[in-house]
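K.L.:
Shown below is the structure under consideration.
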There are 4 protein chains.
Amino acid sequence: MNLPRNHASTDTQSSPLQVADRVARVLAETALARDQRGGTPKAERDLLRESGLLTLMIPSELGGLGETWPTTLAVVRRLAQVDGSVAHVFGFQHLLLATLQLFAAAEQWRPLFASTVEKRWFWGNTLNPLDTRTLLTWNPTGDQGAITGDKSFCSGALDSDMLIVSALQSTDKKFLVAAIPTARAGIELHDDWDNIGQRQTDSGSAHFENVQVSRSELLVTPGPLGSTFASLRSGIAQLILSNIYLGIGQGALQAARAFTLEHSKPWAASGVAKASDDPYVLRNYGEIYTELEAARALTDEAALQLQAAWEKGDAITPQERGHVALAIALSKVKTSSAGLETASRVFEVMGARSTVARARLDRFWRNLRVHTLHDPVDYKLRDLGAFALSEQLPVPSFYS
Amino acid sequence: MNLPRNHASTDTQSSPLQVADRVARVLAETALARDQRGGTPKAERDLLRESGLLTLMIPSELGGLGETWPTTLAVVRRLAQVDGSVAHVFGFQHLLLATLQLFAAAEQWRPLFASTVEKRWFWGNTLNPLDTRTLLTWNPTGDQGAITGDKSFCSGALDSDMLIVSALQSTDKKFLVAAIPTARAGIELHDDWDNIGQRQTDSGSAHFENVQVSRSELLVTPGPLGSTFASLRSGIAQLILSNIYLGIGQGALQAARAFTLEHSKPWAASGVAKASDDPYVLRNYGEIYTELEAARALTDEAALQLQAAWEKGDAITPQERGHVALAIALSKVKTSSAGLETASRVFEVMGARSTVARARLDRFWRNLRVHTLHDPVDYKLRDLGAFALSEQLPVPSFYS
Amino acid sequence: MNLPRNHASTDTQSSPLQVADRVARVLAETALARDQRGGTPKAERDLLRESGLLTLMIPSELGGLGETWPTTLAVVRRLAQVDGSVAHVFGFQHLLLATLQLFAAAEQWRPLFASTVEKRWFWGNTLNPLDTRTLLTWNPTGDQGAITGDKSFCSGALDSDMLIVSALQSTDKKFLVAAIPTARAGIELHDDWDNIGQRQTDSGSAHFENVQVSRSELLVTPGPLGSTFASLRSGIAQLILSNIYLGIGQGALQAARAFTLEHSKPWAASGVAKASDDPYVLRNYGEIYTELEAARALTDEAALQLQAAWEKGDAITPQERGHVALAIALSKVKTSSAGLETASRVFEVMGARSTVARARLDRFWRNLRVHTLHDPVDYKLRDLGAFALSEQLPVPSFYS
Amino acid sequence: MNLPRNHASTDTQSSPLQVADRVARVLAETALARDQRGGTPKAERDLLRESGLLTLMIPSELGGLGETWPTTLAVVRRLAQVDGSVAHVFGFQHLLLATLQLFAAAEQWRPLFASTVEKRWFWGNTLNPLDTRTLLTWNPTGDQGAITGDKSFCSGALDSDMLIVSALQSTDKKFLVAAIPTARAGIELHDDWDNIGQRQTDSGSAHFENVQVSRSELLVTPGPLGSTFASLRSGIAQLILSNIYLGIGQGALQAARAFTLEHSKPWAASGVAKASDDPYVLRNYGEIYTELEAARALTDEAALQLQAAWEKGDAITPQERGHVALAIALSKVKTSSAGLETASRVFEVMGARSTVARARLDRFWRNLRVHTLHDPVDYKLRDLGAFALSEQLPVPSFYS
């Protein structure tokens with residue numbers, strides 16, 4: 001698989017969004033077939049490696065593209081318009097790199113970033129705060145640990161080069177996070193993700209059997225949620241999700257437009273010559289578009305706020321962190337509802353023939369339905385309500 | 001495949017709903033596998049033949065069960081809770097039998113009904129008012145015609161014994177309907193239905209090549225929409241659809257309940273021990289249930305009105321016919337929206353693990369999404385609005 | 001004020017609904033002026049006394065009309081279409097009479113019912129389970145008590161002949177209910193209800209100063225919620241509210257129709273000659289009508305279930321009682337949402353000129369907005385969800 | 001009436017928003033009483049004259065504040081939070097000044113702007129494109145015309161110093177617009193606006209009797225919608241409305257917060273000690289807040305786009321103008337729905353006691369209900385749908 005002419009990695013003139021657009025066009029060609037097949041999108045992951053986009057948020061002095069969150073999230077969104085799965089593992093790349101920056105000291109993450117650039121590492125996720133089955137036990141001298149246990153929802157771990165892994169310290173159940181090579185002995189990543197949507201995210205299970213971790217591989221300065229700045233991680237994770245939801249919703253609308261214009265027939269009782277003149281079809285498009293645009297506006301605002309917070313670094317106050325979390329919660333709530341509604345309603349503006357299996361136009365709904373269950377929207381609404389009513393800020397956690 | 005003990009056809013004590021319940025339990029065992037596979041549900045169609053339920057609406061003096069529309073529609077709904085496809089072709093059996101009664105003279109339909117009982121005929125649909133590609137050309141003496149052309153959306157035609165077929169008279173494009181054996185020479189039914197939902201309805205295409213039809217096989221007394229009574233057909237069709245939509249929605253709720261109670265975990269921030277104690281989970285169930293019950297109440301009312309209209313026969317007035325059509329339109333609108341909303345929202349009360357492909361819990365949404373596109377809800381709302389505002393009654397057609 | 005010809009009280013041929021319809025037409029003539037004025041609808045209350053409708057649920061052997069809940073609730077609904085306030089105090093008449101039947105022995109309520117017929121008593125409410133400020137203190141011999149304290153939301157107490165009053169027993173805070181004459185010394189009913197809606201319900205405050213109550217006036221056999229049958233009271237209260245909400249919503253639709261047909265102009269961009277031909281106007285009417293009809297269907301079903309439960313009397317089981325409560329909860333939820341939505345949306349199908357103050361077309365929304373706050377819909381949804389998920393029945397209380 | 005200390009007109013240090021905030025606090029003190037009273041808010045209009053805010057959009061070289069649309073609209077929004085009526089006539093000041101800039105040559109509007117600063121003119125509206133009853137007839141030499149006829153919806157004309165007036169040229173029905181002094185002979189402004197909301201906007205009727213207009217007072221270079229730039233007027237009008245809707249919605253939320261925190265009691269079945277801990281209360285606040293914030297984000301974006309278009313002046317292309325119109329349409333649709341929904345739902349988080357008439361908490365809904373009927377939201381959705389589906393841009397008119 002190759003990028004079209006003006007290939008990203010050799011075309012230093014292109015902006016990240018231009019490169020993303022070219023990648024998206026390549027992804028789109030096979031997205032339907034890959035949605036059906038599931039499994040690891042190996043060629044597409046390699047295309048991302050090759051594109052340079054995996055280094056979007058790596059500072060330029062370390063060889064990365066030195067971009068901002070707004071741009072990075074826009075790239076995630078663009079990819080999600082054509083391929084929710086690839087957008088997901090791509091988005092997690094940046095979450096996992098950010099995890100290094102947020103939880104570890106510069107001395108620790110800078111070399112890892114440099115290697116990410118140099119070796120085109122794709123990072124995978126085996127951090128799951130809700131899954132308490134993996135334990136880390138230290139050797140007698142305490143410099144070397146071993147992780148054993150099972151883990152679920154390990155998105156993008158298959159075909160990754162490096163992993164962010166979490167485990168509970170066996171003695172006190174302290175939540176620990178480390179960065180280790182995927183190839184390390186004892187790590188079994190199972191090809192067992194077979195779900196109704198996001199089918200190429202490899203969000204399956206893993207087993208760790210006595211996987212060795214040195215103390216220096218732990219992210220402990222300041223560690224998970226170890227500072228106000230570190231607690232931005234949940235916001236980054238949530239905003240990556242929001243952009244994926246939004247992108248999928250936008251992709252559904254784009255697909256619907258093409259279908260209505262090319263294939264839809266006017267309803268007999270409408271009295272119009274083309275489906276695109278039907279007043280109800282137009283109104284439905286108007287409602288769908290309005291809600292997607294509302295979601296987009298909130299999502300764009302949240303990206304700007306995240307970037308400002310990111311640039312503050314350790315100077316960020318809990319108050320500022322809280323407001324960023326709220327802006328991101330707004331985006332999360334609205335992209336979830338607008339995306340799902342879009343992905344289901346578009347069939348009503350396309351008509352019965354749009355349900356042929358080969359068009360796989362249900363994939364937008366299936367992808368959103370799976371991915372929006374990451375954490376409950378009702379609790380985001382509760383957090384937003386506590387602020388709207390009492391100016392309470394969300395309590396920092398891995399989800400808020 | 002066999003019905004459980006107390007098999008329907010040998011158990012004359014059972015009510016139709018008891019038989020339907022037993023059939024439903026059998027269908028449920030394989031519904032997931034068959035949703036995946038698609039194709040003709042041959043064994044299940046034979047089970048229906050064997051169950052006696054294909055004769056629900058056939059008068060008892062002709063050997064049928066002599067039931068009413070409320071009971072027949074309740075059976076359709078019960079089957080739809082576990083299998084939208086089988087419910088669809090089963091529902092169409094009764095629509096097609098009603099078509100004979102509505103469009104043809106008693107001398108014509110009574111022998112066909114008797115044969116339907118005796119030979120356990122399953123009727124299939126090749127009537128499509130929107131598809132103008134099949135033409136009927138008469139021979140010089142005008143007693144024998146030949147149908148040639150293509151047709152789409154021929155639900156339940158494969159594995160049927162008899163067909164209701166429509167064609168345009170070649171000379172004047174008059175819309176004609178006939179009842180002919182499926183096995184007649186020249187009929188090709190294509191196994192080409194592969195859609196995202198209602199996957200075992202065989203709603204694919206057909207080709208007619210010089211298919212002979214005698215004048216006596218035409219339904220012309222009074223013919224399609226040939227009288228006020230005859231124009232009840234669209235209401236019957238629409239109310240069968242409504243009951244399928246409602247049943248699918250109820251099936252989604254039933255599946256969700258089982259999943260929540262058995263598998264769902266409480267969200268960490270909820271502070272409750274069981275997902276079933278979460279105030280938001282409860283409220284979501286409450287909203288879903290309320291809308292489904294509202295749809296059910298309207299649907300039950302419509303069935304009673306249809307039955308009253310049915311019993312009036314040719315004595316029915318256009319005014320009465322109009323009110324039945326409105327009651328059915330209410331049911332159609334509300335089952336569409338409540339069903340779709342249920343089938344999508346239930347995931348929010350089940351959680352992320354409910355999206356595993358093997359559970360196929362998305363089938364309720366896929367089935368509803370496909371089937372609710374039969375005709376646009378917006379035009380039903382327009383009809384209802386014209387009545388609510390100006391007391392206008394729907395103009396009789398194949399859809400209203 | 002007089003009823004039109006064929007006056008109810010002298011026209012024994014008329015059905016209750018015919019009488020209600022005539023009363024409604026009289027009420028309609030002054031409803032706008034009285035909405036503006038507020039205060040006690042004295043003439044209208046006398047009209048109800050005169051109409052005989054206050055005895056709808058009193059058994060015919062005691063001189064009443066001997067009607068059923070479905071008919072009584074239909075009358076409430078009919079009055080609510082033109083006057084939410086009068087419908088409210090009228091509905092409470094039947095709630096308070098039912099309270100006697102449910103909480104007291106036949107020897108106690110039968111004479112009160114006979115007097116209600118004979119003296120055309122209008123009953124008023126000073127029972128409020130949430131207001132704990134009135135205490136009843138017994139004299140040393142324990143046969144005579146005295147009630148002292150304040151009470152809020154005393155709907156229909158002004159101009160009433162008899163009151164149902166609640167108080168907490170001073171010693172143990174036990175909840176007591178009694179039936180006493182409104183004229184009894186020490187009862188001050190304040191004319192202080194001035195709210196945005198339901199402006200003639202006199203739902204203001206009262207003060208009780210050493211009001212004497214004999215033990216025989218207490219309703220103690222079985223007393224408040226003292227049996228499964230007695231606990232039907234909340235259902236009756238809730239279903240009266242539902243019918244008022246529904247009636248107000250229907251009244252809003254009726255007023256809107258008249259306005260659209262007579263006054264509304266087509267929007268320039270619509271390209272149609274009359275507002276009633278605008279496809280969006282029609283669709284809006286269709287949506288409004290569908291939701292109101294869904295609410296009506298649930299409400300009609302609930303009335304039938306209530307009547308069946310009522311006829312069971314003490315034979316009713318907790319299980320049966322629970323199912324009635326659920327049916328009524330469905331009605332309550334749906335009439336609340338459909339009513340409010342209708343009352344607000346109708347302006348969109350009437351246009352800007354419908355907002356002139358003298359038309360007072362906002363009164364439907366104001367009435368519903370006030371009255372639907374009686375108890376929170378969210379908790380009804382929780383109850384419905386607990387049933388839909390776990391088959392739990394609502395715990396009997398004054399609200400569920 | 002006086003502004004608090006640091007009075008605007010003497011405090012040149014204050015930003016417009018700070019001044020607006022002080023004005024808003026003054027308005028809030030009497031907003032309830034004035035909502036009840038209706039009529040012309042004379043003192044409040046004088047306060048605005050005195051505040052300097054009437055010159056927000058007048059270039060500083062002409063003595064105005066030289067502000068931008070985003071700031072001006074933010075001021076409109078701030079005032080609308082406490083007083084929808086005053087915000088309305090204040091917003092129209094800027095619409096009418098913009099009308100001069102858009103429809104007339106600089107030589108014509110610059111002196112009028114200078115006088116507006118110097119004489120603290122408040123401009124009033126008697127332009128109504130849908131009202132065709134006023135005709136302008138020229139004298140034989142064609143230099144002097146006379147306007148005669150009636151006009152409705154003349155917001156802010158009473159107590160104004162200058163009017164923008166429209167009339168149809170008697171010969172050819174050409175739509176003409178002029179700027180004339182309110183005091184000119186023959187102009188009768190009727191104090192006949194008595195509507196359910198926006199009660200102090202004086203949006204009543206006017207009569208013109210042979211009102212003299214010189215040709216030089218007509219706005220003809222380029223005239224109404226006479227150029228792409230001139231056609232921005234509808235966008236400005238619509239975005240002023242949007243900001244009023246949004247401000248009213250935000251005001252409703254602010255009032256609700258204060259009420260819930262101070263007065264609301266927890267529902268018995270909630271099991272919580274304070275209403276502000278009720279999970280459903282919080283979720284309701286969260287939903288309300290999310291929709292308002294979505295509306296705000298779109299509205300803020302639209303203001304930036306309007307400003308960019310404004311700065312382009314005659315260089316603006318139809319394409320650019322179309323995109324601004326779409327951004328504003330998004331804002332209009334979303335502020336309408338979010339505002340109305342907020343203003344009605346807030347009662348559910350406040351409870352029954354919030355409906356006392358003296359609190360007039362229904363005024364937010366009444367104001368929005370009246371004002372959102374300015375032009376139908378359905379046609380905005382149609383325009384948005386035509387773009388979303390076919391990339392059609394809205395056809396310039398006085399409403400799109």
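Starting from 1 in every chain, residues are counted up; chains themselves are A, B, ... following the order of the structure tokens, and ligands are numbered from 1 as listed.
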Apply DSSP to the backbone of this structure and, from region 203-287 of chain A, keep only the residues in alpha helix (DSSP H); write these as a PyMOL selection string.
P.N.:
chain A and resi 233-262+279-287
K.L.:
Could the residues of chain C within 7 Å of chain D, counting only C-alpha atoms, be given as a list in words, please?
P.N.:
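Output check: Asp194, Asn195, Ile196, Tyr280, Glu348, Gly351, Ala352, Thr355, Val356, Ala357, Val370, Leu373, His374 and Asp378 of chain C.
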K.L.:
Extract, using only C-alpha atoms, all DNA, RNA and protein residues at most 6 Å from region 16-33 of chain D, discarding same-chain residues fewer than 3 positions from it, and format them as an MDAnalysis selection string.
P.N.:
chainID D and resid 8 36 75 79 82
K.L.:
Find, counting only C-alpha atoms, the residue in A:Ser155, A:Gln169, A:Thr99, A:Gln212 that gets nearest to Phe229 (chain A).
P.N.:
A:Thr99
K.L.:
Per DSSP on the backbone, filter region 117-326 of chain A down to the residues in strand (DSSP E) and report them as a ChimeraX atom specification.
P.N.:
/A:123-126,135-138,144-151,162-169,175-181,187-189,206-214
